[in-house]
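Dropping upload-v7.txt in here (compact mmCIF, C-alpha atoms):
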```
# COMPACT_ATOMS: atom_id res chain seq x y z
CA MET A 3 -109.16 27.32 -146.93
CA SER A 4 -108.98 23.76 -148.17
CA SER A 5 -106.51 21.30 -146.75
CA SER A 6 -105.43 17.72 -146.62
CA SER A 7 -105.25 15.46 -143.65
CA THR A 8 -101.84 15.11 -142.11
CA GLY A 9 -100.68 11.55 -142.70
CA THR A 10 -97.07 10.46 -142.41
CA SER A 11 -96.35 9.08 -145.88
CA SER A 12 -95.48 11.82 -148.38
CA GLY A 13 -94.57 9.52 -151.29
CA ASN A 14 -92.28 11.05 -153.87
CA ALA A 15 -93.91 14.50 -153.91
CA GLU A 16 -91.51 17.43 -153.71
CA VAL A 17 -92.47 20.51 -151.66
CA ARG A 18 -90.70 23.73 -152.63
CA TRP A 19 -91.10 27.44 -153.36
CA ILE A 20 -92.46 27.94 -156.86
CA THR A 21 -91.03 30.20 -159.54
CA ALA A 22 -92.91 32.94 -161.37
CA ASP A 23 -93.20 30.67 -164.42
CA GLU A 24 -95.10 28.13 -162.32
CA PHE A 25 -97.64 30.61 -161.00
CA GLN A 26 -100.45 29.62 -163.39
CA VAL A 27 -100.28 25.90 -162.64
CA TRP A 28 -100.14 26.79 -158.93
CA ALA A 29 -103.29 28.93 -159.33
CA ASP A 30 -105.02 26.11 -161.20
CA THR A 31 -104.27 23.79 -158.27
CA VAL A 32 -105.77 26.28 -155.82
CA ARG A 33 -108.87 26.61 -157.96
CA THR A 34 -109.34 22.85 -158.30
CA GLY A 35 -108.54 22.06 -154.68
CA THR A 36 -110.93 24.70 -153.32
CA HIS A 37 -113.77 24.01 -155.78
CA ARG A 38 -113.82 27.52 -157.23
CA ARG A 39 -115.55 28.48 -160.41
CA PRO A 40 -112.90 29.08 -163.11
CA GLY A 41 -113.90 32.67 -163.83
CA ARG A 42 -114.02 34.02 -160.31
CA GLY A 43 -111.14 32.02 -158.89
CA ARG A 44 -108.81 32.66 -161.79
CA SER A 45 -109.54 36.39 -161.80
CA ARG A 46 -108.77 36.91 -158.09
CA LEU A 47 -105.72 34.68 -158.09
CA ASN A 48 -104.25 36.36 -161.13
CA ARG A 49 -104.32 39.70 -159.33
CA LEU A 50 -101.99 38.40 -156.65
CA PRO A 51 -98.50 39.88 -156.82
CA PHE A 52 -95.94 37.10 -157.08
CA VAL A 53 -93.37 37.29 -154.28
CA PRO A 54 -90.50 34.76 -154.26
CA GLY A 55 -90.42 32.67 -151.11
CA ARG A 56 -94.13 33.20 -150.43
CA PHE A 57 -95.72 30.63 -152.77
CA GLN A 58 -95.23 26.91 -152.13
CA GLY A 59 -96.12 24.04 -154.40
CA ALA A 60 -96.14 20.29 -153.93
CA PHE A 61 -95.11 18.52 -157.14
CA ASP A 62 -95.63 14.90 -158.10
CA GLY A 63 -93.36 14.78 -161.10
CA ASP A 64 -94.42 17.70 -163.29
CA GLU A 65 -97.90 17.93 -161.75
CA CYS A 66 -98.63 20.56 -159.09
CA VAL A 67 -100.73 18.67 -156.51
CA GLY A 68 -100.57 21.07 -153.57
CA ALA A 69 -100.49 24.85 -153.06
CA PHE A 70 -99.78 27.22 -150.20
CA ARG A 71 -99.39 31.01 -150.09
CA SER A 72 -98.40 33.58 -147.50
CA ALA A 73 -98.09 37.34 -147.26
CA ARG A 74 -97.00 39.83 -144.65
CA THR A 75 -99.49 42.08 -142.90
CA GLU A 76 -99.57 44.24 -139.83
CA LEU A 77 -102.28 43.13 -137.43
CA ALA A 78 -103.93 45.58 -135.05
CA VAL A 79 -103.64 44.44 -131.43
CA PRO A 80 -105.20 45.70 -128.17
CA GLY A 81 -103.99 49.19 -127.41
CA GLY A 82 -103.65 50.33 -131.00
CA GLY A 83 -100.30 48.75 -131.84
CA LEU A 84 -99.50 46.92 -135.06
CA VAL A 85 -97.67 43.59 -135.11
CA ALA A 86 -96.14 41.89 -138.13
CA ALA A 87 -98.08 38.76 -138.99
CA ASP A 88 -97.65 36.00 -141.54
CA VAL A 89 -100.97 35.64 -143.38
CA ILE A 90 -101.56 32.13 -144.75
CA ALA A 91 -104.09 31.62 -147.55
CA ASP A 92 -104.91 29.63 -150.69
CA VAL A 93 -103.99 26.28 -149.16
CA ALA A 94 -105.06 23.30 -151.23
CA VAL A 95 -104.16 19.68 -151.83
CA LEU A 96 -105.69 17.81 -154.76
CA PRO A 97 -108.09 14.99 -153.84
CA THR A 98 -105.72 12.48 -155.45
CA HIS A 99 -102.95 13.37 -152.99
CA ARG A 100 -104.69 13.69 -149.64
CA ARG A 101 -103.37 11.96 -146.52
CA ARG A 102 -99.76 12.07 -147.62
CA GLY A 103 -98.54 14.76 -145.21
CA LEU A 104 -98.24 17.49 -147.85
CA LEU A 105 -100.08 20.11 -145.79
CA THR A 106 -97.87 19.35 -142.80
CA ARG A 107 -94.72 19.78 -144.86
CA MET A 108 -95.88 23.06 -146.39
CA MET A 109 -97.04 24.43 -143.03
CA ASP A 110 -93.80 23.46 -141.27
CA ARG A 111 -91.78 25.15 -144.00
CA GLU A 112 -93.90 28.30 -143.79
CA LEU A 113 -93.80 28.63 -140.01
CA ARG A 114 -90.02 28.24 -140.02
CA ALA A 115 -89.78 30.90 -142.71
CA ALA A 116 -92.10 33.26 -140.83
CA ALA A 117 -90.09 32.92 -137.63
CA GLY A 118 -86.91 33.56 -139.62
CA ARG A 119 -88.45 36.71 -141.11
CA GLY A 120 -89.18 38.02 -137.62
CA GLU A 121 -92.99 37.76 -137.85
CA PRO A 122 -94.27 37.10 -134.28
CA LEU A 123 -97.73 35.95 -135.40
CA ALA A 124 -99.29 33.78 -138.09
CA LEU A 125 -102.90 34.22 -139.20
CA LEU A 126 -105.33 32.27 -141.38
CA ILE A 127 -109.02 31.66 -142.04
CA ALA A 128 -109.70 28.00 -141.25
CA ALA A 129 -112.19 26.25 -143.49
CA GLU A 130 -111.55 23.09 -141.45
CA PRO A 131 -111.10 23.95 -137.77
CA THR A 132 -110.19 20.38 -136.83
CA VAL A 133 -107.06 20.67 -138.98
CA TYR A 134 -105.37 23.89 -137.95
CA GLY A 135 -105.42 23.40 -134.19
CA ARG A 136 -102.79 20.73 -134.76
CA PHE A 137 -100.41 23.41 -136.01
CA GLY A 138 -100.85 25.64 -132.95
CA PHE A 139 -103.57 27.96 -134.27
CA GLY A 140 -106.48 29.00 -132.08
CA PRO A 141 -109.72 30.80 -133.05
CA ALA A 142 -109.02 34.49 -132.42
CA THR A 143 -111.89 36.46 -133.99
CA ARG A 144 -115.56 35.86 -134.69
CA LEU A 145 -117.76 36.51 -137.72
CA THR A 146 -121.14 38.08 -136.89
CA GLY A 147 -123.91 39.42 -139.07
CA TYR A 148 -127.53 40.59 -139.00
CA ARG A 149 -130.57 40.54 -141.26
CA VAL A 150 -132.75 43.58 -140.48
CA ASP A 151 -136.47 43.68 -141.25
CA VAL A 152 -136.76 47.36 -142.18
CA LEU A 153 -140.54 47.50 -141.85
CA ARG A 154 -140.37 46.22 -138.26
CA ALA A 155 -137.19 48.01 -137.17
CA GLY A 156 -138.83 51.26 -136.10
CA GLY A 157 -136.00 53.28 -137.59
CA VAL A 158 -132.61 54.15 -136.13
CA ARG A 159 -132.23 56.16 -132.93
CA LEU A 160 -130.04 58.89 -134.41
CA PRO A 161 -128.01 60.96 -131.91
CA ALA A 162 -128.51 64.69 -132.31
CA ALA A 163 -124.82 65.18 -133.11
CA ALA A 164 -125.02 62.63 -135.92
CA ALA A 165 -127.67 64.72 -137.67
CA THR A 166 -125.23 67.64 -137.92
CA GLY A 167 -122.98 65.61 -140.22
CA ARG A 168 -123.31 65.15 -143.98
CA LEU A 169 -123.80 62.05 -146.11
CA LYS A 170 -122.49 62.02 -149.65
CA LEU A 171 -122.41 59.42 -152.40
CA LEU A 172 -118.83 58.99 -153.56
CA PRO A 173 -117.66 57.74 -156.96
CA ARG A 174 -115.45 54.68 -156.72
CA PRO A 175 -112.17 56.55 -157.44
CA ARG A 176 -112.96 58.99 -154.63
CA ALA A 177 -113.86 56.18 -152.21
CA ALA A 178 -110.62 54.44 -153.14
CA ALA A 179 -108.69 57.66 -152.46
CA VAL A 180 -110.15 58.45 -149.03
CA GLY A 181 -110.73 54.89 -147.80
CA PRO A 182 -107.17 53.90 -146.87
CA GLY A 183 -106.64 56.81 -144.48
CA LEU A 184 -109.99 56.24 -142.78
CA TYR A 185 -109.34 52.52 -142.46
CA GLU A 186 -105.95 53.08 -140.84
CA ARG A 187 -107.55 55.35 -138.24
CA PHE A 188 -110.35 52.84 -137.67
CA ARG A 189 -108.21 49.78 -137.20
CA ARG A 190 -106.05 51.30 -134.47
CA GLY A 191 -109.12 50.92 -132.26
CA ARG A 192 -110.12 47.44 -133.43
CA PRO A 193 -107.89 44.48 -132.52
CA GLY A 194 -107.75 41.85 -135.22
CA ALA A 195 -108.03 44.21 -138.18
CA PRO A 196 -105.36 43.41 -140.78
CA ALA A 197 -103.77 45.86 -143.20
CA ARG A 198 -105.58 46.22 -146.50
CA PRO A 199 -103.35 45.80 -149.55
CA PRO A 200 -103.48 48.49 -152.24
CA GLN A 201 -105.50 46.30 -154.61
CA TRP A 202 -108.30 46.15 -152.03
CA TRP A 203 -109.02 49.77 -152.89
CA THR A 204 -107.92 50.01 -156.52
CA ASP A 205 -109.47 46.82 -157.94
CA ASP A 206 -112.71 46.24 -156.05
CA THR A 207 -113.16 49.01 -153.51
CA GLY A 208 -114.96 47.53 -150.54
CA THR A 209 -115.64 44.19 -152.22
CA LEU A 210 -112.33 42.47 -152.95
CA TRP A 211 -112.73 39.95 -150.14
CA HIS A 212 -116.51 39.77 -150.40
CA PRO A 213 -117.93 37.02 -152.64
CA LEU A 214 -118.43 38.70 -156.01
CA ARG A 215 -121.94 38.16 -157.26
CA ASP A 216 -123.69 39.09 -160.46
CA GLY A 217 -125.73 42.22 -159.91
CA PRO A 218 -125.49 45.99 -159.67
CA ASP A 219 -122.20 47.70 -158.99
CA PRO A 220 -121.60 48.68 -155.36
CA LEU A 221 -122.22 52.24 -154.19
CA HIS A 222 -120.15 54.18 -151.68
CA VAL A 223 -121.38 56.68 -149.08
CA GLY A 224 -119.14 58.85 -146.94
CA TYR A 225 -120.14 60.46 -143.65
CA HIS A 226 -118.47 63.77 -142.77
CA ASP A 227 -118.93 65.32 -139.33
CA ALA A 228 -119.91 68.95 -138.77
CA ALA A 229 -116.28 69.99 -139.14
CA GLY A 230 -116.04 68.29 -142.53
CA HIS A 231 -113.88 65.34 -141.42
CA LEU A 232 -114.56 61.92 -142.94
CA GLN A 233 -115.64 59.60 -140.13
CA GLY A 234 -117.32 56.75 -141.98
CA LEU A 235 -117.46 54.93 -145.31
CA LEU A 236 -120.21 52.55 -146.39
CA THR A 237 -120.05 50.26 -149.41
CA TYR A 238 -123.26 48.49 -150.39
CA ARG A 239 -125.34 47.13 -153.24
CA VAL A 240 -129.08 46.75 -153.69
CA ASP A 241 -130.85 43.79 -155.23
CA PRO A 242 -134.08 45.35 -156.62
CA ARG A 243 -136.54 42.59 -155.79
CA TRP A 244 -140.33 42.84 -156.00
CA ASP A 245 -143.13 40.96 -154.28
CA GLY A 246 -145.75 41.21 -156.99
CA ASN A 247 -146.15 44.95 -157.42
CA LEU A 248 -144.71 45.74 -153.96
CA PRO A 249 -141.04 46.66 -153.48
CA ALA A 250 -138.99 44.07 -151.55
CA ALA A 251 -135.41 45.11 -152.30
CA GLU A 252 -132.49 43.79 -150.25
CA LEU A 253 -129.58 46.06 -149.38
CA THR A 254 -126.33 44.20 -148.66
CA VAL A 255 -123.65 45.97 -146.64
CA LEU A 256 -120.31 44.98 -148.16
CA ASP A 257 -118.13 47.17 -145.97
CA LEU A 258 -118.82 49.64 -143.16
CA ILE A 259 -115.89 51.39 -141.50
CA THR A 260 -116.37 54.19 -138.99
CA THR A 261 -114.21 56.04 -136.49
CA HIS A 262 -117.05 57.53 -134.40
CA PRO A 263 -120.40 56.18 -133.12
CA ASP A 264 -122.24 59.10 -134.75
CA ALA A 265 -120.96 58.01 -138.15
CA ALA A 266 -122.11 54.43 -137.58
CA ALA A 267 -125.60 55.55 -136.53
CA ALA A 268 -125.91 57.89 -139.51
CA LEU A 269 -124.83 55.24 -142.01
CA TRP A 270 -127.14 52.59 -140.56
CA ASP A 271 -129.94 55.13 -140.73
CA TYR A 272 -129.08 55.65 -144.40
CA CYS A 273 -129.24 51.89 -145.06
CA LEU A 274 -132.69 51.60 -143.51
CA SER A 275 -133.95 54.66 -145.39
CA VAL A 276 -133.12 53.70 -148.98
CA ASP A 277 -136.28 53.61 -151.10
CA TRP A 278 -137.80 50.19 -151.84
CA VAL A 279 -135.49 48.41 -149.36
CA THR A 280 -137.31 46.07 -146.98
CA THR A 281 -134.30 44.02 -145.82
CA VAL A 282 -130.80 45.10 -144.84
CA LEU A 283 -128.21 42.31 -144.76
CA ALA A 284 -124.82 42.74 -143.10
CA GLU A 285 -122.78 39.52 -143.18
CA ASN A 286 -119.53 40.59 -141.52
CA LEU A 287 -119.70 42.87 -138.50
CA ALA A 288 -117.74 43.12 -135.28
CA PRO A 289 -119.19 40.66 -132.73
CA ASP A 290 -119.97 43.58 -130.39
CA ASP A 291 -121.48 45.83 -133.08
CA PRO A 292 -124.34 47.80 -131.44
CA LEU A 293 -126.63 47.67 -134.50
CA PRO A 294 -129.62 46.02 -132.73
CA LEU A 295 -129.44 48.59 -129.92
CA LEU A 296 -129.68 51.44 -132.44
CA LEU A 297 -133.08 50.24 -133.67
CA GLY A 298 -136.45 51.22 -132.29
CA ASN A 299 -137.19 47.48 -132.24
CA PRO A 300 -133.95 45.54 -131.60
CA ARG A 301 -135.69 42.24 -132.42
CA ALA A 302 -135.93 43.33 -136.05
CA ALA A 303 -132.19 42.57 -136.32
CA ARG A 304 -131.90 38.81 -136.47
CA PRO A 305 -128.60 36.92 -136.62
CA GLY A 306 -127.38 36.33 -140.15
CA ASP A 307 -126.64 32.98 -141.71
CA LEU A 308 -122.98 33.15 -140.69
CA ASP A 309 -122.08 33.22 -137.00
CA SER A 310 -118.80 31.44 -136.52
CA ASP A 311 -115.15 31.66 -135.65
CA PHE A 312 -113.23 33.45 -138.38
CA ALA A 313 -109.53 34.30 -138.13
CA TRP A 314 -107.23 31.84 -136.36
CA LEU A 315 -103.98 33.01 -134.81
CA ARG A 316 -100.70 31.33 -133.93
CA VAL A 317 -98.01 32.88 -131.75
CA LEU A 318 -94.47 32.32 -133.03
CA ASP A 319 -92.50 34.80 -130.90
CA LEU A 320 -94.22 34.96 -127.52
CA PRO A 321 -92.15 37.71 -125.85
CA ALA A 322 -92.46 40.01 -128.88
CA ALA A 323 -96.18 39.36 -129.29
CA LEU A 324 -97.14 39.90 -125.64
CA ALA A 325 -94.98 43.02 -125.31
CA ALA A 326 -96.58 44.58 -128.41
CA ARG A 327 -100.13 44.79 -127.06
CA ARG A 328 -101.43 46.87 -124.15
CA TYR A 329 -103.03 45.76 -120.90
CA SER A 330 -105.68 47.14 -118.56
CA GLY A 331 -103.22 48.17 -115.85
CA PRO A 332 -100.25 47.01 -113.80
CA GLY A 333 -99.82 43.32 -113.15
CA ARG A 334 -97.60 40.28 -113.43
CA LEU A 335 -98.31 36.78 -114.72
CA VAL A 336 -96.04 33.82 -115.30
CA LEU A 337 -97.32 31.66 -118.15
CA GLU A 338 -96.28 28.11 -118.93
CA VAL A 339 -96.99 27.50 -122.61
CA ASP A 340 -96.98 24.12 -124.31
CA ASP A 341 -95.95 24.40 -127.97
CA PRO A 342 -94.89 21.06 -129.47
CA ALA A 343 -93.28 22.87 -132.41
CA GLY A 344 -91.12 24.84 -129.98
CA TYR A 345 -91.73 28.42 -131.17
CA ALA A 346 -93.58 29.62 -128.05
CA HIS A 347 -92.74 26.77 -125.70
CA GLY A 348 -91.58 27.50 -122.18
CA ARG A 349 -92.25 29.63 -119.12
CA PHE A 350 -92.54 33.40 -119.53
CA ALA A 351 -93.10 36.34 -117.18
CA LEU A 352 -95.44 39.08 -118.40
CA GLU A 353 -95.12 42.39 -116.50
CA SER A 354 -97.32 45.38 -117.32
CA ALA A 355 -96.95 48.96 -116.14
CA PRO A 356 -99.73 51.34 -115.00
CA ASP A 357 -99.93 52.81 -118.52
CA GLY A 358 -100.59 49.36 -120.00
CA THR A 359 -97.20 48.90 -121.65
CA ALA A 360 -95.51 45.60 -120.91
CA ARG A 361 -92.43 43.49 -121.21
CA CYS A 362 -92.21 39.73 -121.47
CA SER A 363 -89.18 37.52 -120.92
CA PRO A 364 -88.34 33.86 -120.33
CA ALA A 365 -88.71 32.80 -116.69
CA PRO A 366 -87.65 29.14 -116.62
CA HIS A 367 -86.96 29.07 -112.86
CA GLU A 368 -90.15 30.77 -111.62
CA SER A 369 -93.36 29.09 -110.56
CA ALA A 370 -96.06 29.43 -113.21
CA ASP A 371 -99.44 31.04 -112.51
CA LEU A 372 -101.26 29.60 -115.53
CA ALA A 373 -100.57 26.75 -117.96
CA LEU A 374 -102.02 26.61 -121.46
CA GLY A 375 -101.39 25.40 -124.96
CA VAL A 376 -100.24 27.66 -127.76
CA GLY A 377 -103.66 27.40 -129.45
CA ALA A 378 -105.39 28.71 -126.33
CA LEU A 379 -102.83 31.51 -126.22
CA GLY A 380 -103.88 32.46 -129.77
CA SER A 381 -107.50 32.68 -128.62
CA LEU A 382 -106.56 34.89 -125.67
CA TYR A 383 -104.15 37.21 -127.43
CA LEU A 384 -106.58 39.60 -129.15
CA GLY A 385 -109.28 39.30 -126.49
CA GLU A 386 -111.76 36.98 -128.25
CA GLN A 387 -111.73 34.49 -125.37
CA THR A 388 -111.25 35.11 -121.67
CA PRO A 389 -109.04 33.18 -119.24
CA ALA A 390 -112.10 32.23 -117.15
CA ARG A 391 -113.96 30.76 -120.12
CA LEU A 392 -110.93 28.80 -121.32
CA HIS A 393 -110.33 27.64 -117.76
CA ALA A 394 -113.92 26.38 -117.57
CA ALA A 395 -113.31 24.47 -120.82
CA GLY A 396 -110.15 22.87 -119.45
CA LEU A 397 -107.90 24.78 -121.86
CA VAL A 398 -106.22 26.90 -119.17
CA ALA A 399 -104.96 25.43 -115.89
CA GLU A 400 -104.78 27.61 -112.79
CA LEU A 401 -101.53 26.80 -110.98
CA ARG A 402 -101.80 29.60 -108.40
CA PRO A 403 -105.09 30.40 -106.63
CA GLY A 404 -106.55 33.63 -108.01
CA ALA A 405 -104.43 33.60 -111.16
CA VAL A 406 -107.42 33.23 -113.50
CA LEU A 407 -109.08 36.31 -112.01
CA ALA A 408 -105.80 38.24 -112.19
CA ALA A 409 -105.47 37.28 -115.85
CA GLU A 410 -109.10 38.32 -116.50
CA LEU A 411 -108.40 41.81 -115.18
CA LEU A 412 -105.05 42.16 -116.92
CA LEU A 413 -106.10 40.93 -120.38
CA HIS A 414 -109.48 42.66 -120.53
CA THR A 415 -110.16 44.59 -123.76
CA ALA A 416 -112.84 47.22 -124.28
CA THR A 417 -113.71 45.96 -127.77
CA ARG A 418 -113.97 42.48 -129.22
CA PRO A 419 -111.48 41.63 -131.98
CA TRP A 420 -112.73 41.78 -135.55
CA CYS A 421 -110.92 40.56 -138.66
CA THR A 422 -112.61 42.85 -141.17
CA ASP A 423 -111.49 40.96 -144.27
CA GLY A 424 -110.65 37.52 -145.50
CA VAL A 425 -106.95 36.87 -145.81
```

Please lay out the structure from this file as structure tokens.
Amino acid sequence: MSSSSTGTSSGNAEVRWITADEFQVWADTVRTGTHRRPGRGRSRLNRLPFVPGRFQGAFDGDECVGAFRSARTELAVPGGGLVAADVIADVAVLPTHRRRGLLTRMMDRELRAAAGRGEPLALLIAAEPTVYGRFGFGPATRLTGYRVDVLRAGGVRLPAAAATGRLKLLPRPRAAAVGPGLYERFRRGRPGAPARPPQWWTDDTGTLWHPLRDGPDPLHVGYHDAAGHLQGLLTYRVDPRWDGNLPAAELTVLDLITTHPDAAAALWDYCLSVDWVTTVLAENLAPDDPLPLLLGNPRAARPGDLDSDFAWLRVLDLPAALAARRYSGPGRLVLEVDDPAGYAHGRFALESAPDGTARCSPAPHESADLALGVGALGSLYLGEQTPARLHAAGLVAELRPGAVLAAELLLHTATRPWCTDGV
């Protein structure tokens, strides 16, 4: 996600929603501002459905010098709920028009619109993390990957129950037909997973948000349990490399979605068993994925090239957002949140019941237990960061003794958040 710095002088540039007739010049601005190759960038952008009031442009006379897009998704949150979120993407300002405040103007317009549409959260992938914290976003998920040396891995420890299932190669139309239902079941147990739009399955099943490379078409493998139920779907491609006359192929996992640990073990076993493959590369896994622990030699799974923050989250409607997720048990916290833009600013009481459901309401006259900025709140919301870690970093202040520990227990999640796709 490319951006400009946020200076105060905006010159004579006009920021407004674009019309359908202006879509192509808008797309050209995105492509130029984000340094994309014409073929790949133009192809993906042209598949976007145009929605009025979702595409912004900054215009200097007739020239489009800035671009900004949003879309609505439903984000999975702890406890299996789904919360409406404003997804921000394709942000670009041309190099000739940096430091004129265009990004700030487009972001301010979008956040106001999102709040008006009743979207409690905003989400983006930050190419420049020093920029988006200024708008109240905090890093909320992490990108993790592994490179597995197949010859040293010692195979996969396959549970006996996993061996009773069945693996089957699926043609792309079949994978596209069964994938959406499986993904919806999967993401209810994985905070941070966004909805996948229809074109994710119909255009490039399993690869739409993965960098498209020249090479063989991806293959799809489904795992069905002993009862015949689909529990996992793997999308991968193999680069058939050779080291002299010895096979040295690399298998790249493009997408791996499972709803049961047996399915994950069986599909990883499949990846490590493909003929001629000596390396398995998985570039986007959940940060708590157990892959190394499944191997006979866990050291054969080395961290991939990408290990970084990924999705950033901003809370716009704090009571709605906090009431939508679930908590580890009964408890009560009063939070004092600093949000210069005003959306989540104030003091709020969070009260959770024994079943994990909660309510949240303004509490301006109560004493606060914790104080934090809205960016830190974004990092806490899905469970990527903990109150104790943010407190140690000076991003959460403990105003009542024991409040950090109470917040640790209340906000604990069994799984780390994972944003499965780019946005």

| said: Using only C-alpha atoms - which residues lie no farther than 12 Å from the point (-134.8, 43.7, -130.3) in the file's frame? Write them as a PyMOL selection string. | reply: chain A and resi 148+150-151+154-156+292-305

| field | Minimum-distance residue to A:Gly183, chosen among A:Ile259, A:Val79, A:Ala266, A:Ala117 (using all atoms listed in the file) | value |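 For A:Gly183, the nearest of the given residues is A:Ile259.
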
| What gap, in Å, lies between atom CA of A:Leu248 and atom CA of A:Leu308? |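 That distance, rounded to one decimal, is 28.4 Å.
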
To box stretch 248-262 of chain A, take all atoms listed in the file, fit an axis-aligned box, add 6 Å on each side, and give centre and edge lengths in Å to one decimal, as JSON.
```
{"center_x": -129.5, "center_y": 50.7, "center_z": -144.2, "size_x": 42.5, "size_y": 25.7, "size_z": 31.6}
```

| request: Do a neighbour search on stretch 217-222 of chain A at 9 Å with only C-alpha atoms, toss out local chain neighbours closer than 6 positions, and write the hits as a VMD selection string. | output: chain A and resid 170 to 174 177 207 to 209 235 to 241 256

| query | Quick one: of A:Leu392, A:Ala164, A:Val255, A:Leu50, who's nearest to A:Ala228, counting all atoms listed in the file? | reply | A:Ala164

| task | Excluding stretch 55-57 of chain A and residues on its chain fewer than 3 positions from it, collect all residues at most 6 Å away from it, counting all atoms listed in the file, and give them as a ChimeraX atom specification. | result | /A:19-20,70-72

| request: Go through A:Ala390, A:Leu232, A:Val279, A:Ala313 one by one, measure the shortest atom-to-atom distance of each to A:Leu126 using all atoms listed in the file, and give the residue with the smallest value. | output: A:Ala313

| query | Interatomic distance between atom CA of A:Arg149 and atom CA of A:Trp202? | reply |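 Result for atom CA of A:Arg149 versus atom CA of A:Trp202: 25.4 Å, one decimal.
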
| query | Please, which residues are within 8 Å of (-110.4, 42.5, -137.9) by the file's coordinates, counting all atoms listed in the file, and could they come as a ChimeraX atom specification? | reply | /A:78,143,189,192-196,288,419-423

| task | Pick out the closest residue to A:Glu65 from this set: A:Leu47, A:Leu96, A:Ala326, A:Val180. Count all atoms listed in the file. | result |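 Of the candidates, the smallest distance to A:Glu65 is held by A:Leu96.
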
| field | Gap from atom CA of A:Ala405 to atom CA of A:Val336 - Å, one decimal | value |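 Computing the Euclidean distance for atom CA of A:Ala405 and atom CA of A:Val336 yields 9.4 Å.
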
| message | Please determine, counting only C-alpha atoms, which residue among A:Gly224, A:Gly35, A:Gly333, A:Gly380 has the shortest atom-to-atom distance to A:Ala360. | response | A:Gly333

| request: Give the answer as one residue: which of A:Val276, A:Val95, A:Leu407, A:Leu384 has the shortest atom-to-atom distance to A:Leu372, using only C-alpha atoms? | output: A:Leu407

| query | Which residues come within 9 Å of A:Thr204, counting all atoms listed in the file, excluding same-chain residues fewer than 6 positions away, as a VMD selection string? | reply | chain A and resid 174 to 175 178 to 179
